[in-house]
$ cat final26.tsv   # TSV, C-alpha atoms and all ligand atoms
chain	number	residue	atom	x	y	z
A	1	MET	CA	-40.98	78.04	37.17
A	2	SER	CA	-40.69	80.67	34.47
A	3	ASP	CA	-42.33	80.55	31.04
A	4	VAL	CA	-39.27	82.27	29.61
A	5	LEU	CA	-35.78	80.85	29.20
A	6	CYS	CA	-32.80	83.12	28.49
A	7	ILE	CA	-29.89	81.03	27.22
A	8	TYR	CA	-26.62	82.54	26.05
A	9	TYR	CA	-22.93	82.27	25.35
A	10	SER	CA	-20.52	85.04	26.28
A	11	ARG	CA	-16.76	85.07	25.65
A	12	SER	CA	-15.88	88.32	27.41
A	13	GLY	CA	-18.92	89.20	29.54
A	14	LYS	CA	-20.93	91.62	27.40
A	15	THR	CA	-23.63	89.20	26.29
A	16	LYS	CA	-23.68	87.90	29.87
A	17	LYS	CA	-24.43	91.39	31.21
A	18	ALA	CA	-27.17	92.02	28.62
A	19	MET	CA	-28.79	88.63	29.17
A	20	GLU	CA	-28.68	88.96	32.97
A	21	GLU	CA	-30.54	92.28	32.67
A	22	VAL	CA	-33.06	90.98	30.14
A	23	ALA	CA	-33.70	87.84	32.23
A	24	ALA	CA	-34.23	89.94	35.38
A	25	ALA	CA	-36.72	92.20	33.57
A	26	LEU	CA	-38.63	89.17	32.23
A	27	ASN	CA	-38.42	87.06	35.44
A	28	ALA	CA	-36.83	84.44	33.23
A	29	GLU	CA	-34.66	81.42	33.92
A	30	LEU	CA	-31.08	82.18	32.90
A	31	VAL	CA	-28.64	79.57	31.56
A	32	GLU	CA	-25.10	80.11	30.27
A	33	ILE	CA	-23.63	77.61	27.82
A	34	THR	CA	-20.12	76.99	26.53
A	35	ASP	CA	-18.36	74.51	24.31
A	36	GLY	CA	-15.43	74.27	26.71
A	37	VAL	CA	-13.00	75.48	24.03
A	38	ASP	CA	-10.28	77.84	25.32
A	39	ARG	CA	-11.19	81.12	23.62
A	40	SER	CA	-9.03	83.38	25.78
A	41	GLY	CA	-6.40	85.81	24.52
A	42	TRP	CA	-5.51	86.51	20.90
A	43	LYS	CA	-5.30	82.82	20.01
A	44	GLY	CA	-8.83	82.34	21.34
A	45	TRP	CA	-9.97	85.40	19.39
A	46	LEU	CA	-8.50	83.98	16.18
A	47	ARG	CA	-9.93	80.55	16.81
A	48	SER	CA	-13.37	82.04	17.45
A	49	GLY	CA	-13.20	84.05	14.23
A	50	MET	CA	-12.16	80.98	12.23
A	51	ASP	CA	-14.88	78.83	13.84
A	52	ALA	CA	-17.50	81.44	12.97
A	53	MET	CA	-16.34	81.86	9.37
A	54	ARG	CA	-16.14	78.11	8.76
A	55	ARG	CA	-19.38	77.47	10.71
A	56	THR	CA	-17.46	74.94	12.81
A	57	THR	CA	-19.17	73.78	15.98
A	58	HIS	CA	-17.89	71.76	18.94
A	59	PRO	CA	-19.82	69.64	21.47
A	60	LEU	CA	-21.39	71.77	24.20
A	61	ALA	CA	-20.42	71.37	27.85
A	62	PRO	CA	-23.30	69.83	29.87
A	63	TYR	CA	-26.00	72.29	30.96
A	64	THR	CA	-29.49	71.92	32.36
A	65	THR	CA	-32.76	73.79	32.03
A	66	GLU	CA	-35.65	73.44	34.47
A	67	LYS	CA	-38.05	72.28	31.74
A	68	PRO	CA	-37.82	70.81	28.23
A	69	LEU	CA	-37.22	73.63	25.71
A	70	GLU	CA	-40.64	73.11	24.10
A	71	ASP	CA	-42.37	73.87	27.41
A	72	TYR	CA	-41.23	77.52	27.54
A	73	ARG	CA	-43.49	80.08	25.87
A	74	ILE	CA	-40.38	81.72	24.48
A	75	VAL	CA	-36.64	81.05	24.49
A	76	VAL	CA	-34.40	84.13	24.27
A	77	ILE	CA	-31.04	83.25	22.74
A	78	GLY	CA	-28.04	85.53	23.35
A	79	THR	CA	-24.81	85.56	21.38
A	80	PRO	CA	-21.95	87.87	20.46
A	81	VAL	CA	-21.46	88.61	16.75
A	82	TRP	CA	-18.36	86.91	15.39
A	83	ALA	CA	-17.19	87.87	11.91
A	84	GLY	CA	-20.70	88.93	10.93
A	85	ARG	CA	-22.20	85.67	12.16
A	86	CYS	CA	-23.55	84.23	15.39
A	87	SER	CA	-20.93	82.68	17.69
A	88	SER	CA	-20.09	79.06	16.91
A	89	VAL	CA	-21.20	78.10	20.43
A	90	ILE	CA	-24.74	79.34	19.77
A	91	ARG	CA	-24.63	77.84	16.29
A	92	GLY	CA	-23.82	74.51	17.99
A	93	PHE	CA	-26.78	74.94	20.33
A	94	LEU	CA	-29.12	75.83	17.46
A	95	LYS	CA	-27.91	72.92	15.31
A	96	ARG	CA	-28.67	70.44	18.07
A	97	ARG	CA	-31.76	71.94	19.70
A	98	GLY	CA	-33.01	74.77	17.50
A	99	LEU	CA	-36.18	72.93	16.52
A	100	GLU	CA	-37.28	72.36	20.13
A	101	PRO	CA	-38.42	75.86	21.27
A	102	LYS	CA	-41.93	76.92	20.22
A	103	ARG	CA	-40.84	80.56	19.82
A	104	VAL	CA	-37.43	82.21	19.86
A	105	ALA	CA	-36.12	85.76	20.19
A	106	TYR	CA	-32.53	86.93	19.77
A	107	ILE	CA	-30.19	89.28	21.59
A	108	ILE	CA	-26.91	89.73	19.79
A	109	THR	CA	-24.10	91.91	21.06
A	110	ARG	CA	-21.60	93.65	18.84
A	111	GLU	CA	-18.73	96.12	18.78
A	112	SER	CA	-19.46	97.98	15.55
A	113	ASP	CA	-21.93	100.86	15.41
A	114	GLU	CA	-23.90	99.08	12.67
A	115	ARG	CA	-27.26	98.35	14.33
A	116	ARG	CA	-28.97	96.19	11.74
A	117	TYR	CA	-28.04	92.53	11.82
A	118	GLU	CA	-30.88	90.92	9.86
A	119	GLU	CA	-28.40	88.56	8.17
A	120	VAL	CA	-27.36	87.12	11.53
A	121	TYR	CA	-30.99	86.67	12.59
A	122	ASP	CA	-31.75	84.97	9.27
A	123	GLN	CA	-28.79	82.59	9.74
A	124	MET	CA	-30.07	81.67	13.19
A	125	ASP	CA	-33.63	81.19	11.89
A	126	GLN	CA	-32.33	78.45	9.57
A	127	TYR	CA	-32.15	76.18	12.62
A	128	THR	CA	-35.45	77.06	14.32
A	129	ALA	CA	-39.00	75.83	13.88
A	130	LYS	CA	-40.39	79.35	13.36
A	131	PRO	CA	-38.71	82.66	12.49
A	132	HIS	CA	-37.75	84.74	15.56
A	133	LEU	CA	-40.49	86.72	17.25
A	134	CYS	CA	-38.22	89.72	17.81
A	135	ALA	CA	-34.53	90.52	17.98
A	136	ASN	CA	-32.17	93.31	18.86
A	137	SER	CA	-28.47	93.98	18.48
A	138	LEU	CA	-26.90	95.71	21.48
A	139	ARG	CA	-23.62	97.53	21.87
A	140	VAL	CA	-23.10	96.98	25.57
A	141	GLY	CA	-21.96	100.08	27.47
A	142	TYR	CA	-22.60	102.53	24.62
A	143	VAL	CA	-25.25	105.22	24.12
A	144	GLY	CA	-28.58	103.64	23.26
A	145	TYR	CA	-27.85	100.32	24.94
A	146	GLU	CA	-30.52	100.69	27.65
A	147	PHE	CA	-33.08	102.01	25.15
A	148	TRP	CA	-32.78	99.04	22.79
A	149	ARG	CA	-32.52	96.52	25.66
A	150	ASP	CA	-35.76	97.88	27.15
A	151	LYS	CA	-37.44	97.90	23.71
A	152	PHE	CA	-36.61	94.20	23.38
A	153	VAL	CA	-38.01	93.46	26.84
A	154	ALA	CA	-41.21	95.37	25.98
A	155	ASP	CA	-41.61	93.37	22.73
A	156	VAL	CA	-41.30	90.04	24.58
A	157	LYS	CA	-43.68	91.20	27.33
A	158	ALA	CA	-46.26	92.22	24.72
A	159	PHE	CA	-46.08	88.69	23.29
A	160	LEU	CA	-46.42	87.12	26.74
A	161	GLU	CA	-49.52	89.23	27.49
A	162	GLN	CA	-51.36	87.99	24.38
B	201	LIG	C1	-13.71	86.53	16.86
B	201	LIG	C2	-14.54	87.77	17.04
B	201	LIG	C3	-15.15	88.35	15.95
B	201	LIG	C4	-15.96	89.50	16.09
B	201	LIG	N1	-16.60	90.02	15.00
B	201	LIG	C5	-17.42	91.09	15.16
B	201	LIG	C6	-18.18	91.61	14.05
B	201	LIG	O1	-18.15	91.08	12.94
B	201	LIG	N2	-18.95	92.70	14.25
B	201	LIG	C7	-19.03	93.31	15.47
B	201	LIG	O2	-19.76	94.30	15.60
B	201	LIG	N3	-18.35	92.83	16.55
B	201	LIG	C8	-17.56	91.73	16.43
B	201	LIG	N4	-16.87	91.24	17.51
B	201	LIG	C9	-17.03	91.91	18.81
B	201	LIG	C10	-18.04	91.18	19.70
B	201	LIG	O3	-19.19	90.78	18.97
B	201	LIG	C11	-18.55	92.12	20.82
B	201	LIG	O4	-17.48	92.67	21.53
B	201	LIG	C12	-19.47	91.34	21.76
B	201	LIG	O5	-20.26	92.26	22.51
B	201	LIG	C13	-18.67	90.48	22.73
B	201	LIG	O6	-19.58	89.74	23.51
B	201	LIG	P1	-19.10	88.85	24.74
B	201	LIG	O7	-18.36	89.77	25.70
B	201	LIG	O8	-20.35	88.34	25.35
B	201	LIG	O9	-18.21	87.76	24.22
B	201	LIG	C14	-16.10	90.10	17.39
B	201	LIG	C15	-15.45	89.51	18.48
B	201	LIG	C16	-14.71	88.34	18.32
B	201	LIG	C17	-14.08	87.68	19.54
$ encode --input "final26.tsv" --output "structure tokens"
Amino acid sequence: MSDVLCIYYSRSGKTKKAMEEVAAALNAELVEITDGVDRSGWKGWLRSGMDAMRRTTHPLAPYTTEKPLEDYRIVVIGTPVWAGRCSSVIRGFLKRRGLEPKRVAYIITRESDERRYEEVYDQMDQYTAKPHLCANSLRVGYVGYEFWRDKFVADVKAFLEQ
């Protein structure tokens, strides 16, 4: 059983790709979550944007992890950026279970070329027991993606080796 859990939501596959690669590099357990809301097409895009802006959350579809969240040394949480915020699916996860992990780290994926997303990390930290250990925002498929992904993996590994 791994000491690291990578848990994520992905609407269109980019966060999924990043989290699959990060989980493989960290030998981590990987779990995808969803709230079961239809977020496809332009109506789904609009709904997602409105949910993020209003901070609306919906019940999550059932999911399982191999251990209780507090038993992992670190939980890596992956989300797309929606309207300058974390996705409402990950907000729903954090609202319900954010206090359980001992340590958290964040991967957020984005479309804009703005790399600094401290505001999103700070929003997510409002639900967690401790501020995040490390975080990175990735623009999947663009120049620099692999560099920043690998930097994140190195930061988590350094923590695990302590
Ligand atoms: C409703 C909505 C709002 C978004 N808002 C932003 C944004 O504010 N900034 C940004 O860089 N990208 C934004 N995006 C783009 C996504 O964050 C980006 O494409 C992300 O990598 C998609 O991840 P996914 O494929 O895992 O869903 C938005 C996408 C959606 C659907």
$ residues_near_point --input "final26.tsv" --point "(-26.4, 75.4, 17.0)" --cutoff "12 Å" --atoms "all atoms listed in the file" --output "short mmCIF file (atom, residue, chain, number, x, y, z; two decimals) with C-alpha atoms, in the frame of the given file"
data_model
loop_
_atom_site.label_atom_id
_atom_site.label_comp_id
_atom_site.auth_asym_id
_atom_site.auth_seq_id
_atom_site.Cartn_x
_atom_site.Cartn_y
_atom_site.Cartn_z
CA TYR A 8 -26.62 82.54 26.05
CA TYR A 9 -22.93 82.27 25.35
CA ILE A 33 -23.63 77.61 27.82
CA THR A 34 -20.12 76.99 26.53
CA ASP A 35 -18.36 74.51 24.31
CA ALA A 52 -17.50 81.44 12.97
CA ARG A 55 -19.38 77.47 10.71
CA THR A 56 -17.46 74.94 12.81
CA THR A 57 -19.17 73.78 15.98
CA HIS A 58 -17.89 71.76 18.94
CA PRO A 59 -19.82 69.64 21.47
CA LEU A 60 -21.39 71.77 24.20
CA ILE A 77 -31.04 83.25 22.74
CA THR A 79 -24.81 85.56 21.38
CA CYS A 86 -23.55 84.23 15.39
CA SER A 87 -20.93 82.68 17.69
CA SER A 88 -20.09 79.06 16.91
CA VAL A 89 -21.20 78.10 20.43
CA ILE A 90 -24.74 79.34 19.77
CA ARG A 91 -24.63 77.84 16.29
CA GLY A 92 -23.82 74.51 17.99
CA PHE A 93 -26.78 74.94 20.33
CA LEU A 94 -29.12 75.83 17.46
CA LYS A 95 -27.91 72.92 15.31
CA ARG A 96 -28.67 70.44 18.07
CA ARG A 97 -31.76 71.94 19.70
CA GLY A 98 -33.01 74.77 17.50
CA LEU A 99 -36.18 72.93 16.52
CA GLU A 100 -37.28 72.36 20.13
CA GLN A 123 -28.79 82.59 9.74
CA MET A 124 -30.07 81.67 13.19
CA ASP A 125 -33.63 81.19 11.89
CA GLN A 126 -32.33 78.45 9.57
CA TYR A 127 -32.15 76.18 12.62
CA THR A 128 -35.45 77.06 14.32
#
$ atom_distance --input "final26.tsv" --atom1 "atom CA of A:Leu46" --atom2 "atom CA of A:Val22"
29.1 Å
$ residues_near_point --input "final26.tsv" --point "(-25.0, 84.2, 32.3)" --cutoff "9 Å" --atoms "only C-alpha atoms" --output "PyMOL selection string"
chain A and resi 6-10+13+15-20+30-33
$ closest_residue --input "final26.tsv" --among "A:Ile74, A:Gly141, A:Trp82, A:Leu26" --to "A:Arg47" --atoms "all atoms listed in the file"
A:Trp82
$ residues_near_ligand --input "final26.tsv" --ligand "ligand LIG 201 (chain B)" --cutoff "7 Å" --atoms "only C-alpha atoms and all ligand atoms" --output "list of chain:residue names"
A:Tyr9, A:Ser10, A:Arg11, A:Ser12, A:Gly13, A:Lys14, A:Thr15, A:Lys16, A:Trp45, A:Leu46, A:Ser48, A:Gly49, A:Thr79, A:Pro80, A:Val81, A:Trp82, A:Ala83, A:Gly84, A:Arg85, A:Thr109, A:Arg110, A:Glu111, A:Ser112, A:Asp113, A:Glu114, A:Arg139, A:Val140
$ atom_distance --input "final26.tsv" --atom1 "atom CA of A:Arg73" --atom2 "atom CA of A:Arg115"
27.0 Å
$ closest_residue --input "final26.tsv" --among "A:Val156, A:Ala105, A:Met1, A:Met53" --to "A:Glu29" --atoms "all atoms listed in the file"
A:Met1
$ atom_distance --input "final26.tsv" --atom1 "atom CA of A:Glu70" --atom2 "atom CA of A:His132"
14.7 Å
$ residues_around --input "final26.tsv" --residues "A:Ala154" --least-positions-apart "6" --cutoff "10 Å" --atoms "only C-alpha atoms" --output "list in words"
Ala25, Leu26, Trp148 and Leu160 of chain A
$ axis_aligned_box --input "final26.tsv" --around "stretch 48-64 of chain A" --padding-each-side "8 Å" --output "JSON"
{"center_x": -20.8, "center_y": 76.8, "center_z": 20.6, "size_x": 33.3, "size_y": 30.4, "size_z": 39.6}
$ closest_residue --input "final26.tsv" --among "A:Glu119, A:Leu133, A:Val104, A:Ala23" --to "A:Val75" --atoms "only C-alpha atoms"
A:Val104
$ closest_residue --input "final26.tsv" --among "A:Val4, A:Leu138, A:Val120, A:Ala61" --to "A:Lys151" --atoms "all atoms listed in the file"
A:Leu138
$ decode --input "final26.tsv" --residues "stretch 125-159 of chain A" --atoms "N, CA and C atoms" --output "PDB file, in the first residue's frame"
ATOM      1  N   ASP A 125      -6.688  25.837   0.896  1.00  0.00           N
ATOM      2  CA  ASP A 125      -6.151  25.696   2.261  1.00  0.00           C
ATOM      3  C   ASP A 125      -7.187  26.038   3.336  1.00  0.00           C
ATOM      4  N   GLN A 126      -8.232  26.777   2.958  1.00  0.00           N
ATOM      5  CA  GLN A 126      -9.258  27.118   3.957  1.00  0.00           C
ATOM      6  C   GLN A 126      -9.951  25.873   4.499  1.00  0.00           C
ATOM      7  N   TYR A 127      -9.879  24.770   3.739  1.00  0.00           N
ATOM      8  CA  TYR A 127     -10.588  23.552   4.145  1.00  0.00           C
ATOM      9  C   TYR A 127      -9.667  22.503   4.757  1.00  0.00           C
ATOM     10  N   THR A 128      -8.365  22.764   4.799  1.00  0.00           N
ATOM     11  CA  THR A 128      -7.426  21.707   5.216  1.00  0.00           C
ATOM     12  C   THR A 128      -6.860  21.989   6.607  1.00  0.00           C
ATOM     13  N   ALA A 129      -6.340  20.931   7.232  1.00  0.00           N
ATOM     14  CA  ALA A 129      -5.821  21.063   8.588  1.00  0.00           C
ATOM     15  C   ALA A 129      -4.557  21.920   8.608  1.00  0.00           C
ATOM     16  N   LYS A 130      -3.699  21.742   7.590  1.00  0.00           N
ATOM     17  CA  LYS A 130      -2.453  22.507   7.500  1.00  0.00           C
ATOM     18  C   LYS A 130      -2.360  23.095   6.103  1.00  0.00           C
ATOM     19  N   PRO A 131      -1.660  24.221   5.938  1.00  0.00           N
ATOM     20  CA  PRO A 131      -1.453  24.742   4.583  1.00  0.00           C
ATOM     21  C   PRO A 131      -0.723  23.711   3.720  1.00  0.00           C
ATOM     22  N   HIS A 132      -0.910  23.795   2.407  1.00  0.00           N
ATOM     23  CA  HIS A 132      -0.308  22.804   1.496  1.00  0.00           C
ATOM     24  C   HIS A 132       1.216  22.781   1.629  1.00  0.00           C
ATOM     25  N   LEU A 133       1.764  21.600   1.453  1.00  0.00           N
ATOM     26  CA  LEU A 133       3.219  21.440   1.491  1.00  0.00           C
ATOM     27  C   LEU A 133       3.856  22.068   0.252  1.00  0.00           C
ATOM     28  N   CYS A 134       3.281  21.775  -0.905  1.00  0.00           N
ATOM     29  CA  CYS A 134       3.769  22.360  -2.158  1.00  0.00           C
ATOM     30  C   CYS A 134       2.632  22.316  -3.163  1.00  0.00           C
ATOM     31  N   ALA A 135       2.793  23.069  -4.247  1.00  0.00           N
ATOM     32  CA  ALA A 135       1.729  23.130  -5.251  1.00  0.00           C
ATOM     33  C   ALA A 135       2.344  23.555  -6.572  1.00  0.00           C
ATOM     34  N   ASN A 136       1.682  23.198  -7.653  1.00  0.00           N
ATOM     35  CA  ASN A 136       2.101  23.700  -8.946  1.00  0.00           C
ATOM     36  C   ASN A 136       0.914  23.810  -9.873  1.00  0.00           C
ATOM     37  N   SER A 137       0.944  24.816 -10.737  1.00  0.00           N
ATOM     38  CA  SER A 137      -0.101  24.934 -11.750  1.00  0.00           C
ATOM     39  C   SER A 137       0.510  24.512 -13.082  1.00  0.00           C
ATOM     40  N   LEU A 138      -0.181  23.630 -13.782  1.00  0.00           N
ATOM     41  CA  LEU A 138       0.360  23.044 -15.017  1.00  0.00           C
ATOM     42  C   LEU A 138      -0.548  23.372 -16.194  1.00  0.00           C
ATOM     43  N   ARG A 139       0.083  23.689 -17.309  1.00  0.00           N
ATOM     44  CA  ARG A 139      -0.653  23.890 -18.558  1.00  0.00           C
ATOM     45  C   ARG A 139      -0.342  22.671 -19.419  1.00  0.00           C
ATOM     46  N   VAL A 140      -1.231  21.707 -19.357  1.00  0.00           N
ATOM     47  CA  VAL A 140      -0.944  20.379 -19.924  1.00  0.00           C
ATOM     48  C   VAL A 140      -0.753  20.480 -21.447  1.00  0.00           C
ATOM     49  N   GLY A 141       0.375  19.927 -21.910  1.00  0.00           N
ATOM     50  CA  GLY A 141       0.636  19.898 -23.348  1.00  0.00           C
ATOM     51  C   GLY A 141       1.416  21.099 -23.851  1.00  0.00           C
ATOM     52  N   TYR A 142       1.719  22.062 -22.989  1.00  0.00           N
ATOM     53  CA  TYR A 142       2.438  23.255 -23.420  1.00  0.00           C
ATOM     54  C   TYR A 142       3.894  23.195 -22.965  1.00  0.00           C
ATOM     55  N   VAL A 143       4.707  24.093 -23.509  1.00  0.00           N
ATOM     56  CA  VAL A 143       6.121  24.176 -23.123  1.00  0.00           C
ATOM     57  C   VAL A 143       6.209  24.402 -21.611  1.00  0.00           C
ATOM     58  N   GLY A 144       7.086  23.652 -20.963  1.00  0.00           N
ATOM     59  CA  GLY A 144       7.281  23.833 -19.533  1.00  0.00           C
ATOM     60  C   GLY A 144       6.470  22.857 -18.695  1.00  0.00           C
ATOM     61  N   TYR A 145       5.517  22.193 -19.330  1.00  0.00           N
ATOM     62  CA  TYR A 145       4.664  21.265 -18.553  1.00  0.00           C
ATOM     63  C   TYR A 145       5.504  20.206 -17.824  1.00  0.00           C
ATOM     64  N   GLU A 146       6.362  19.520 -18.562  1.00  0.00           N
ATOM     65  CA  GLU A 146       7.147  18.427 -17.951  1.00  0.00           C
ATOM     66  C   GLU A 146       8.068  18.967 -16.850  1.00  0.00           C
ATOM     67  N   PHE A 147       8.653  20.149 -17.110  1.00  0.00           N
ATOM     68  CA  PHE A 147       9.570  20.732 -16.124  1.00  0.00           C
ATOM     69  C   PHE A 147       8.860  20.954 -14.786  1.00  0.00           C
ATOM     70  N   TRP A 148       7.705  21.611 -14.834  1.00  0.00           N
ATOM     71  CA  TRP A 148       7.000  21.941 -13.586  1.00  0.00           C
ATOM     72  C   TRP A 148       6.374  20.705 -12.944  1.00  0.00           C
ATOM     73  N   ARG A 149       5.927  19.747 -13.770  1.00  0.00           N
ATOM     74  CA  ARG A 149       5.424  18.474 -13.229  1.00  0.00           C
ATOM     75  C   ARG A 149       6.544  17.777 -12.444  1.00  0.00           C
ATOM     76  N   ASP A 150       7.729  17.701 -13.060  1.00  0.00           N
ATOM     77  CA  ASP A 150       8.843  16.996 -12.422  1.00  0.00           C
ATOM     78  C   ASP A 150       9.333  17.733 -11.175  1.00  0.00           C
ATOM     79  N   LYS A 151       9.251  19.070 -11.195  1.00  0.00           N
ATOM     80  CA  LYS A 151       9.623  19.872 -10.024  1.00  0.00           C
ATOM     81  C   LYS A 151       8.684  19.532  -8.856  1.00  0.00           C
ATOM     82  N   PHE A 152       7.405  19.410  -9.165  1.00  0.00           N
ATOM     83  CA  PHE A 152       6.427  19.057  -8.133  1.00  0.00           C
ATOM     84  C   PHE A 152       6.743  17.677  -7.552  1.00  0.00           C
ATOM     85  N   VAL A 153       7.000  16.720  -8.427  1.00  0.00           N
ATOM     86  CA  VAL A 153       7.326  15.354  -7.977  1.00  0.00           C
ATOM     87  C   VAL A 153       8.563  15.384  -7.082  1.00  0.00           C
ATOM     88  N   ALA A 154       9.582  16.154  -7.476  1.00  0.00           N
ATOM     89  CA  ALA A 154      10.816  16.246  -6.675  1.00  0.00           C
ATOM     90  C   ALA A 154      10.519  16.849  -5.301  1.00  0.00           C
ATOM     91  N   ASP A 155       9.655  17.852  -5.236  1.00  0.00           N
ATOM     92  CA  ASP A 155       9.309  18.477  -3.950  1.00  0.00           C
ATOM     93  C   ASP A 155       8.622  17.465  -3.026  1.00  0.00           C
ATOM     94  N   VAL A 156       7.704  16.678  -3.578  1.00  0.00           N
ATOM     95  CA  VAL A 156       7.005  15.685  -2.746  1.00  0.00           C
ATOM     96  C   VAL A 156       7.983  14.600  -2.304  1.00  0.00           C
ATOM     97  N   LYS A 157       8.862  14.165  -3.223  1.00  0.00           N
ATOM     98  CA  LYS A 157       9.844  13.127  -2.857  1.00  0.00           C
ATOM     99  C   LYS A 157      10.769  13.621  -1.751  1.00  0.00           C
ATOM    100  N   ALA A 158      11.169  14.871  -1.819  1.00  0.00           N
ATOM    101  CA  ALA A 158      12.050  15.430  -0.780  1.00  0.00           C
ATOM    102  C   ALA A 158      11.344  15.365   0.575  1.00  0.00           C
ATOM    103  N   PHE A 159      10.068  15.662   0.599  1.00  0.00           N
ATOM    104  CA  PHE A 159       9.293  15.566   1.849  1.00  0.00           C
ATOM    105  C   PHE A 159       9.235  14.117   2.340  1.00  0.00           C
TER     106      PHE A 159
END
